[in-house]
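Participant: Please find run-v4.cif (mmCIF, C-alpha atoms and all ligand atoms) on the next line:
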data_upload
loop_
_atom_site.group_PDB
_atom_site.id
_atom_site.type_symbol
_atom_site.label_atom_id
_atom_site.label_comp_id
_atom_site.auth_asym_id
_atom_site.auth_seq_id
_atom_site.Cartn_x
_atom_site.Cartn_y
_atom_site.Cartn_z
ATOM 1 C CA MET V 164 23.954 -27.751 -0.663
ATOM 2 C CA HIS V 165 21.067 -28.784 -2.908
ATOM 3 C CA TYR V 166 17.731 -30.372 -2.208
ATOM 4 C CA SER V 167 17.923 -34.079 -2.998
ATOM 5 C CA TYR V 168 14.319 -35.250 -3.114
ATOM 6 C CA CYS V 169 11.221 -34.299 -5.093
ATOM 7 C CA PRO V 170 8.574 -32.392 -3.022
ATOM 8 C CA VAL V 171 5.824 -34.048 -5.116
ATOM 9 C CA CYS V 172 6.717 -37.755 -5.100
ATOM 10 C CA GLY V 173 9.912 -38.112 -3.062
ATOM 11 C CA GLY V 174 11.972 -39.288 -6.060
ATOM 12 C CA ALA V 175 15.576 -38.198 -6.543
ATOM 13 C CA LEU V 176 16.214 -34.697 -7.936
ATOM 14 C CA ALA V 177 19.024 -34.290 -10.484
ATOM 15 C CA PRO V 178 20.500 -31.213 -12.200
ATOM 16 C CA VAL V 179 18.908 -30.140 -15.501
ATOM 17 C CA ARG V 180 20.970 -28.652 -18.287
ATOM 18 C CA LEU V 181 18.915 -26.046 -20.116
ATOM 19 C CA PRO V 182 19.120 -25.313 -23.851
ATOM 20 C CA LEU V 183 21.655 -22.740 -25.017
ATOM 21 C CA GLY V 184 20.479 -19.165 -24.630
ATOM 22 C CA ASN V 185 18.856 -19.681 -21.240
ATOM 23 C CA THR V 186 21.032 -18.186 -18.522
ATOM 24 C CA SER V 187 19.807 -20.562 -15.833
ATOM 25 C CA GLY V 188 22.003 -23.545 -15.190
ATOM 26 C CA PRO V 189 22.155 -26.777 -13.279
ATOM 27 C CA ASP V 190 22.803 -24.911 -10.026
ATOM 28 C CA ASP V 191 19.270 -23.611 -9.684
ATOM 29 C CA LEU V 192 17.104 -26.057 -11.598
ATOM 30 C CA ARG V 193 16.755 -29.714 -10.694
ATOM 31 C CA ALA V 194 14.235 -32.226 -11.979
ATOM 32 C CA CYS V 195 12.700 -35.373 -10.540
ATOM 33 C CA GLY V 196 13.723 -38.568 -12.303
ATOM 34 C CA SER V 197 10.428 -40.245 -11.341
ATOM 35 C CA CYS V 198 7.617 -37.732 -12.016
ATOM 36 C CA GLY V 199 9.438 -35.006 -13.972
ATOM 37 C CA TYR V 200 8.663 -32.197 -11.481
ATOM 38 C CA GLU V 201 11.079 -29.278 -11.946
ATOM 39 C CA PHE V 202 12.343 -27.693 -8.736
ATOM 40 C CA TRP V 203 13.749 -24.159 -8.921
ATOM 41 C CA GLN V 204 16.106 -22.957 -6.210
ATOM 42 C CA ASN V 205 15.439 -19.244 -6.469
ATOM 43 C CA SER V 206 15.496 -16.088 -4.373
ATOM 44 C CA LYS V 207 13.159 -15.732 -1.389
ATOM 45 C CA PRO V 208 10.615 -12.884 -1.716
ATOM 46 C CA CYS V 209 10.844 -10.083 0.842
ATOM 47 C CA VAL V 210 9.078 -6.736 1.248
ATOM 48 C CA SER V 211 10.491 -3.517 2.692
ATOM 49 C CA ALA V 212 8.975 -0.168 3.667
ATOM 50 C CA VAL V 213 10.687 3.153 3.012
ATOM 51 C CA ILE V 214 8.482 5.126 5.419
ATOM 52 C CA VAL V 215 8.759 8.870 4.921
ATOM 53 C CA ARG V 216 7.069 12.014 6.161
ATOM 54 C CA ALA V 217 7.575 15.740 5.847
ATOM 55 C CA ASP V 218 7.712 18.281 8.654
ATOM 56 C CA GLY V 219 8.241 21.828 7.503
ATOM 57 C CA GLN V 220 11.010 21.920 4.926
ATOM 58 C CA GLU V 221 12.647 18.702 6.167
ATOM 59 C CA GLN V 222 11.806 15.169 5.077
ATOM 60 C CA TYR V 223 12.248 12.214 7.411
ATOM 61 C CA ILE V 224 12.638 8.441 7.049
ATOM 62 C CA LEU V 225 11.746 5.897 9.732
ATOM 63 C CA LEU V 226 14.585 3.426 10.348
ATOM 64 C CA THR V 227 14.761 0.498 12.740
ATOM 65 C CA ARG V 228 17.857 -0.720 14.577
ATOM 66 C CA ARG V 229 18.234 -4.479 14.261
ATOM 67 C CA ALA V 230 18.173 -6.522 17.456
ATOM 68 C CA ILE V 231 19.229 -9.729 15.680
ATOM 69 C CA GLU V 232 21.881 -11.004 13.270
ATOM 70 C CA PRO V 233 22.701 -10.472 10.496
ATOM 71 C CA TYR V 234 23.672 -6.807 10.749
ATOM 72 C CA ARG V 235 22.788 -6.680 14.429
ATOM 73 C CA ASP V 236 22.708 -3.044 15.709
ATOM 74 C CA CYS V 237 22.739 -1.645 12.167
ATOM 75 C CA TRP V 238 19.950 0.658 11.013
ATOM 76 C CA ASP V 239 17.533 -0.994 8.607
ATOM 77 C CA VAL V 240 14.239 -0.337 6.852
ATOM 78 C CA PRO V 241 11.260 -2.273 8.239
ATOM 79 C CA GLY V 242 10.093 -5.385 6.401
ATOM 80 C CA GLY V 243 10.564 -9.120 6.147
ATOM 81 C CA TYR V 244 9.876 -12.350 4.284
ATOM 82 C CA LEU V 245 6.576 -12.907 2.516
ATOM 83 C CA HIS V 246 4.603 -15.954 3.512
ATOM 84 C CA ASN V 247 3.844 -18.541 0.843
ATOM 85 C CA GLY V 248 1.230 -17.118 -1.523
ATOM 86 C CA GLU V 249 0.929 -13.841 0.388
ATOM 87 C CA PRO V 250 0.313 -10.681 -1.711
ATOM 88 C CA PRO V 251 3.238 -8.237 -1.231
ATOM 89 C CA GLU V 252 1.262 -5.288 0.153
ATOM 90 C CA GLN V 253 -0.623 -7.570 2.527
ATOM 91 C CA GLY V 254 2.689 -9.044 3.702
ATOM 92 C CA LEU V 255 4.196 -5.624 4.231
ATOM 93 C CA ALA V 256 1.148 -4.513 6.225
ATOM 94 C CA ARG V 257 1.568 -7.623 8.381
ATOM 95 C CA GLU V 258 5.275 -6.947 8.919
ATOM 96 C CA LEU V 259 4.667 -3.303 9.895
ATOM 97 C CA ALA V 260 1.938 -4.358 12.325
ATOM 98 C CA GLU V 261 4.197 -7.050 13.835
ATOM 99 C CA GLU V 262 7.416 -5.009 14.005
ATOM 100 C CA LEU V 263 6.136 -1.522 14.778
ATOM 101 C CA SER V 264 2.363 -1.660 15.423
ATOM 102 C CA VAL V 265 1.787 0.801 12.594
ATOM 103 C CA PRO V 266 -0.426 0.585 9.463
ATOM 104 C CA LEU V 267 0.786 0.486 5.861
ATOM 105 C CA LEU V 268 -0.337 3.811 4.403
ATOM 106 C CA ARG V 269 -0.304 4.848 0.722
ATOM 107 C CA PRO V 270 2.111 2.142 -0.457
ATOM 108 C CA CYS V 271 3.806 2.997 -3.750
ATOM 109 C CA LEU V 272 5.949 0.345 -5.455
ATOM 110 C CA ALA V 273 9.412 1.909 -5.581
ATOM 111 C CA ALA V 274 12.200 -0.587 -6.326
ATOM 112 C CA ILE V 275 13.132 -4.250 -6.644
ATOM 113 C CA GLU V 276 16.556 -5.559 -5.633
ATOM 114 C CA ILE V 277 18.345 -8.865 -5.138
ATOM 115 C CA ASP V 278 20.316 -9.245 -1.909
ATOM 116 C CA GLU V 279 21.655 -11.924 0.428
ATOM 117 C CA TYR V 280 20.485 -12.774 3.922
ATOM 118 C CA LEU V 281 23.921 -13.421 5.356
ATOM 119 C CA ARG V 282 24.057 -16.362 7.734
ATOM 120 C CA ALA V 283 27.149 -18.500 7.994
ATOM 121 C CA ASP V 284 25.126 -21.632 8.635
ATOM 122 C CA VAL V 285 22.998 -21.232 5.487
ATOM 123 C CA PRO V 286 24.541 -22.201 2.128
ATOM 124 C CA ARG V 287 24.798 -19.390 -0.386
ATOM 125 C CA GLU V 288 22.267 -21.008 -2.761
ATOM 126 C CA ALA V 289 19.576 -20.600 -0.115
ATOM 127 C CA ARG V 290 20.454 -17.060 1.009
ATOM 128 C CA PHE V 291 19.346 -14.918 -1.936
ATOM 129 C CA THR V 292 16.414 -12.581 -1.391
ATOM 130 C CA PHE V 293 14.142 -10.860 -3.918
ATOM 131 C CA ASN V 294 13.337 -7.545 -2.238
ATOM 132 C CA VAL V 295 10.303 -5.463 -3.164
ATOM 133 C CA PHE V 296 10.492 -1.914 -1.773
ATOM 134 C CA TYR V 297 7.503 0.368 -1.213
ATOM 135 C CA LEU V 298 7.448 4.049 -0.409
ATOM 136 C CA CYS V 299 4.835 4.674 2.275
ATOM 137 C CA THR V 300 4.086 7.215 4.968
ATOM 138 C CA LEU V 301 2.819 7.706 8.514
ATOM 139 C CA PRO V 302 0.950 10.643 10.026
ATOM 140 C CA ALA V 303 2.552 12.460 12.943
ATOM 141 C CA ASP V 304 0.084 11.136 15.488
ATOM 142 C CA ILE V 305 1.013 7.456 15.004
ATOM 143 C CA GLU V 306 3.985 6.477 17.131
ATOM 144 C CA PRO V 307 5.867 3.245 16.193
ATOM 145 C CA LYS V 308 6.163 0.662 18.986
ATOM 146 C CA PRO V 309 9.130 -1.647 18.241
ATOM 147 C CA ALA V 310 8.701 -5.402 18.741
ATOM 148 C CA ASP V 311 11.401 -7.740 20.029
ATOM 149 C CA ASP V 312 13.285 -8.161 16.738
ATOM 150 C CA VAL V 313 13.655 -4.370 16.565
ATOM 151 C CA ALA V 314 15.886 -2.644 19.111
ATOM 152 C CA GLU V 315 14.707 0.879 18.314
ATOM 153 C CA ALA V 316 12.767 2.906 15.754
ATOM 154 C CA ARG V 317 13.767 6.472 14.958
ATOM 155 C CA TRP V 318 12.960 9.212 12.446
ATOM 156 C CA PHE V 319 16.057 10.503 10.646
ATOM 157 C CA PRO V 320 16.175 13.639 8.491
ATOM 158 C CA LEU V 321 16.940 12.536 4.913
ATOM 159 C CA SER V 322 19.935 14.850 5.116
ATOM 160 C CA ALA V 323 21.346 12.831 8.051
ATOM 161 C CA VAL V 324 20.642 9.165 7.291
ATOM 162 C CA PRO V 325 23.304 6.945 8.912
ATOM 163 C CA SER V 326 25.807 5.585 6.407
ATOM 164 C CA GLY V 327 26.072 1.829 5.988
ATOM 165 C CA LEU V 328 22.522 0.655 6.534
ATOM 166 C CA ALA V 329 22.007 -3.082 7.018
ATOM 167 C CA PHE V 330 21.971 -4.917 3.664
ATOM 168 C CA PRO V 331 23.567 -3.402 0.529
ATOM 169 C CA SER V 332 20.186 -3.243 -1.246
ATOM 170 C CA ASN V 333 18.857 -0.743 1.328
ATOM 171 C CA ASN V 334 21.740 1.614 0.608
ATOM 172 C CA ARG V 335 21.285 1.321 -3.158
ATOM 173 C CA VAL V 336 17.535 1.884 -2.971
ATOM 174 C CA LEU V 337 17.770 4.868 -0.661
ATOM 175 C CA ALA V 338 20.362 6.504 -2.895
ATOM 176 C CA ARG V 339 18.082 6.013 -5.895
ATOM 177 C CA LEU V 340 14.855 7.090 -4.157
ATOM 178 C CA ARG V 341 16.060 10.339 -2.613
ATOM 179 C CA GLY V 342 14.962 12.362 -5.605
ATOM 180 C CA ARG V 343 11.487 10.805 -5.585
ATOM 181 C CA ILE V 344 10.590 11.239 -1.922
ATOM 182 C CA GLY V 345 9.733 14.939 -2.202
ATOM 183 C CA GLU V 346 7.522 14.205 -5.165
ATOM 184 C CA TYR V 347 5.852 11.304 -3.326
ATOM 185 C CA LEU V 348 5.126 13.410 -0.246
ATOM 186 C CA GLY V 349 3.937 16.316 -2.370
ATOM 187 C CA GLU V 350 1.540 14.083 -4.272
ATOM 188 C CA ASN V 351 0.153 12.697 -1.058
ATOM 189 C CA ARG V 352 -0.340 16.151 0.360
ATOM 190 C CA GLY V 353 -2.268 17.229 -2.673
ATOM 191 C CA THR V 354 -4.629 14.276 -2.768
ATOM 192 C CA SER V 355 -5.414 13.762 0.897
ATOM 193 C CA GLY V 356 -7.201 16.923 1.918
ATOM 194 C CA PRO V 357 -5.757 18.324 5.135
ATOM 195 C CA SER V 358 -2.100 17.305 5.335
ATOM 196 C CA PRO V 359 -1.480 14.540 7.869
ATOM 197 C CA PHE V 360 2.056 15.880 8.184
ATOM 198 C CA ALA V 361 0.856 19.166 9.636
ATOM 199 C CA ALA V 362 -1.162 17.467 12.353
ATOM 200 C CA GLY V 363 1.523 17.379 15.015
ATOM 201 C CA GLY V 364 2.552 21.039 14.764
ATOM 202 C CA ALA V 365 5.954 19.906 15.959
ATOM 203 C CA GLY V 366 7.815 23.017 14.823
ATOM 204 C CA SER V 367 11.441 22.304 14.064
ATOM 205 C CA SER V 368 11.850 19.163 16.144
ATOM 206 C CA PRO V 369 11.901 15.793 14.350
ATOM 207 C CA PRO V 370 8.449 14.179 14.375
ATOM 208 C CA GLY V 371 8.467 11.357 16.866
ATOM 209 C CA GLY V 372 12.194 11.845 17.356
ATOM 210 C CA ARG V 373 14.177 10.953 20.435
HETATM 211 ZN ZN ZN Y 401 8.814 -36.434 -8.388
#
Kindly transcribe the structure held in the file into structure tokens.
Ligand SMILES: [Zn+2]

Facilitator:
Amino acid sequence: MHYSYCPVCGGALAPVRLPLGNTSGPDDLRACGSCGYEFWQNSKPCVSAVIVRADGQEQYILLTRRAIEPYRDCWDVPGGYLHNGEPPEQGLARELAEELSVPLLRPCLAAIEIDEYLRADVPREARFTFNVFYLCTLPADIEPKPADDVAEARWFPLSAVPSGLAFPSNNRVLARLRGRIGEYLGENRGTSGPSPFAAGGAGSSPPGGR
């Protein structure tokens, strides 16, 4: 499936063949025969939050269980699509407020991945996502409150993260970030005065766990 009409003037869009050396092809670039506007079919921008905290010697990640397809009932990291023109950190703050009623704290750009939002009724050309991942954190006294597109939110020890998270990019990013999370939490501890992670005094039980 391709878009057929120019969003500027309504003229017919036709494939463009780019000069040799450019890897893009007629599948993702079409041009208007009337006004010359070039329309790119490219990946949709998304933002995701790898929310971590430390409690004693253990580090935890906040995962959400999906209430909707695709990957219904799989564990996921919070996030979603950016709105048109929306700055990534602002969009992630909006998503965290909508999904979990929590703030975006100390966001640190961590990874960028391409993935697919799998829906049988959407053609493959329109399913690709451009995923921007941020490491961020939450103090112990802020409890996530899941919205209706999230079935459940739970803190998992990094040593016991469920295998097979929703979306392949989440699994790749988490595998790559594991070595950086301790450093991230340590840096935050050092620069924030009293540690927010010590606030709960939760002993050995998972912070906010169920
Ligand atoms: Zn046009």

Participant: Restricting the calculation to all atoms listed in the file, which member of V:Cys195, V:Ala177, V:Ser167, V:Lys207 is positioned closest to ligand ZN 401 (chain Y)?

Facilitator: V:Cys195

Participant: Please enumerate the residues selected by the PyMOL selection byres (((not hetatm)) within 7 of (chain Y and resi 401)) when evaluated against the supplied file, formatted as a list in words.

Facilitator: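 For this structure, the PyMOL selection byres (((not hetatm)) within 7 of (chain Y and resi 401)) captures Cys169, Pro170, Val171, Cys172, Gly173, Gly174, Cys195, Gly196, Ser197, Cys198, Gly199 and Tyr200 of chain V.
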
Participant: For the selection you just gave me, I'd like the residues written to a file as a PDB file, in the coordinates of the input, keeping C-alpha atoms.

Facilitator:
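Result saved to out.pdb:
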ATOM      1  CA  CYS V 169      11.221 -34.299  -5.093  1.00  0.00           C
ATOM      2  CA  PRO V 170       8.574 -32.392  -3.022  1.00  0.00           C
ATOM      3  CA  VAL V 171       5.824 -34.048  -5.116  1.00  0.00           C
ATOM      4  CA  CYS V 172       6.717 -37.755  -5.100  1.00  0.00           C
ATOM      5  CA  GLY V 173       9.912 -38.112  -3.062  1.00  0.00           C
ATOM      6  CA  GLY V 174      11.972 -39.288  -6.060  1.00  0.00           C
ATOM      7  CA  CYS V 195      12.700 -35.373 -10.540  1.00  0.00           C
ATOM      8  CA  GLY V 196      13.723 -38.568 -12.303  1.00  0.00           C
ATOM      9  CA  SER V 197      10.428 -40.245 -11.341  1.00  0.00           C
ATOM     10  CA  CYS V 198       7.617 -37.732 -12.016  1.00  0.00           C
ATOM     11  CA  GLY V 199       9.438 -35.006 -13.972  1.00  0.00           C
ATOM     12  CA  TYR V 200       8.663 -32.197 -11.481  1.00  0.00           C
TER      13      TYR V 200
END

Participant: I'd like the neighbourhood of range 293-296 of chain V as a PyMOL selection string, where a residue qualifies if any of its atoms comes within 6 Å (using all atoms listed in the file), though same-chain residues fewer than 6 positions away should be ignored.

Facilitator: chain V and resi 206-212+273-277

Participant: Here's the selection I'm unsure about, the PyMOL selection byres (((chain V and resi 221-229) around 6) and not hetatm); applied to the file above, which residues does it give, as a ChimeraX atom specification?

Facilitator: /V:214-220,230-231,235-240,313-321

Participant: Enumerate, as a count of residues only, the residues matched when the PyMOL selection byres (((chain V and resi 252) around 12) and not hetatm) is run on the file above.

Facilitator: 32

Participant: What is the distance, in Å and to one decimal place, between CA of Tyr347 in chain V and CA of Asn333 in chain V?

Facilitator: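 Between these atoms lies a distance of 18.3 Å.
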
Participant: Could range 227-242 of chain V be completed with N, CA and C atoms and written as a short mmCIF file (atom, residue, chain, number, x, y, z; two decimals), keeping the file's coordinate frame, please?

Facilitator:
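Below is the file out_16.cif, written as the result:
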data_model
loop_
_atom_site.label_atom_id
_atom_site.label_comp_id
_atom_site.auth_asym_id
_atom_site.auth_seq_id
_atom_site.Cartn_x
_atom_site.Cartn_y
_atom_site.Cartn_z
N THR V 227 14.79 1.35 11.56
CA THR V 227 14.76 0.50 12.74
C THR V 227 16.17 -0.06 12.98
N ARG V 228 16.55 -0.13 14.24
CA ARG V 228 17.86 -0.72 14.58
C ARG V 228 17.65 -2.20 14.86
N ARG V 229 18.45 -3.04 14.18
CA ARG V 229 18.23 -4.48 14.26
C ARG V 229 18.68 -5.04 15.61
N ALA V 230 17.83 -5.88 16.18
CA ALA V 230 18.17 -6.52 17.46
C ALA V 230 18.78 -7.90 17.23
N ILE V 231 18.77 -8.37 15.97
CA ILE V 231 19.23 -9.73 15.68
C ILE V 231 20.23 -9.72 14.53
N GLU V 232 21.01 -10.80 14.42
CA GLU V 232 21.88 -11.00 13.27
C GLU V 232 21.04 -11.42 12.07
N PRO V 233 21.48 -11.20 10.84
CA PRO V 233 22.70 -10.47 10.50
C PRO V 233 22.53 -8.95 10.64
N TYR V 234 23.65 -8.27 10.63
CA TYR V 234 23.67 -6.81 10.75
C TYR V 234 23.08 -6.34 12.07
N ARG V 235 23.28 -7.10 13.12
CA ARG V 235 22.79 -6.68 14.43
C ARG V 235 23.31 -5.27 14.76
N ASP V 236 22.43 -4.42 15.31
CA ASP V 236 22.71 -3.04 15.71
C ASP V 236 22.82 -2.07 14.54
N CYS V 237 22.74 -2.57 13.31
CA CYS V 237 22.74 -1.64 12.17
C CYS V 237 21.32 -1.10 11.97
N TRP V 238 21.25 0.09 11.38
CA TRP V 238 19.95 0.66 11.01
C TRP V 238 19.46 0.00 9.74
N ASP V 239 18.15 -0.20 9.67
CA ASP V 239 17.53 -0.99 8.61
C ASP V 239 16.20 -0.32 8.24
N VAL V 240 15.62 -0.74 7.12
CA VAL V 240 14.24 -0.34 6.85
C VAL V 240 13.34 -1.50 7.27
N PRO V 241 12.14 -1.20 7.78
CA PRO V 241 11.26 -2.27 8.24
C PRO V 241 10.83 -3.18 7.09
N GLY V 242 10.57 -4.44 7.41
CA GLY V 242 10.09 -5.38 6.40
C GLY V 242 10.42 -6.80 6.80
#
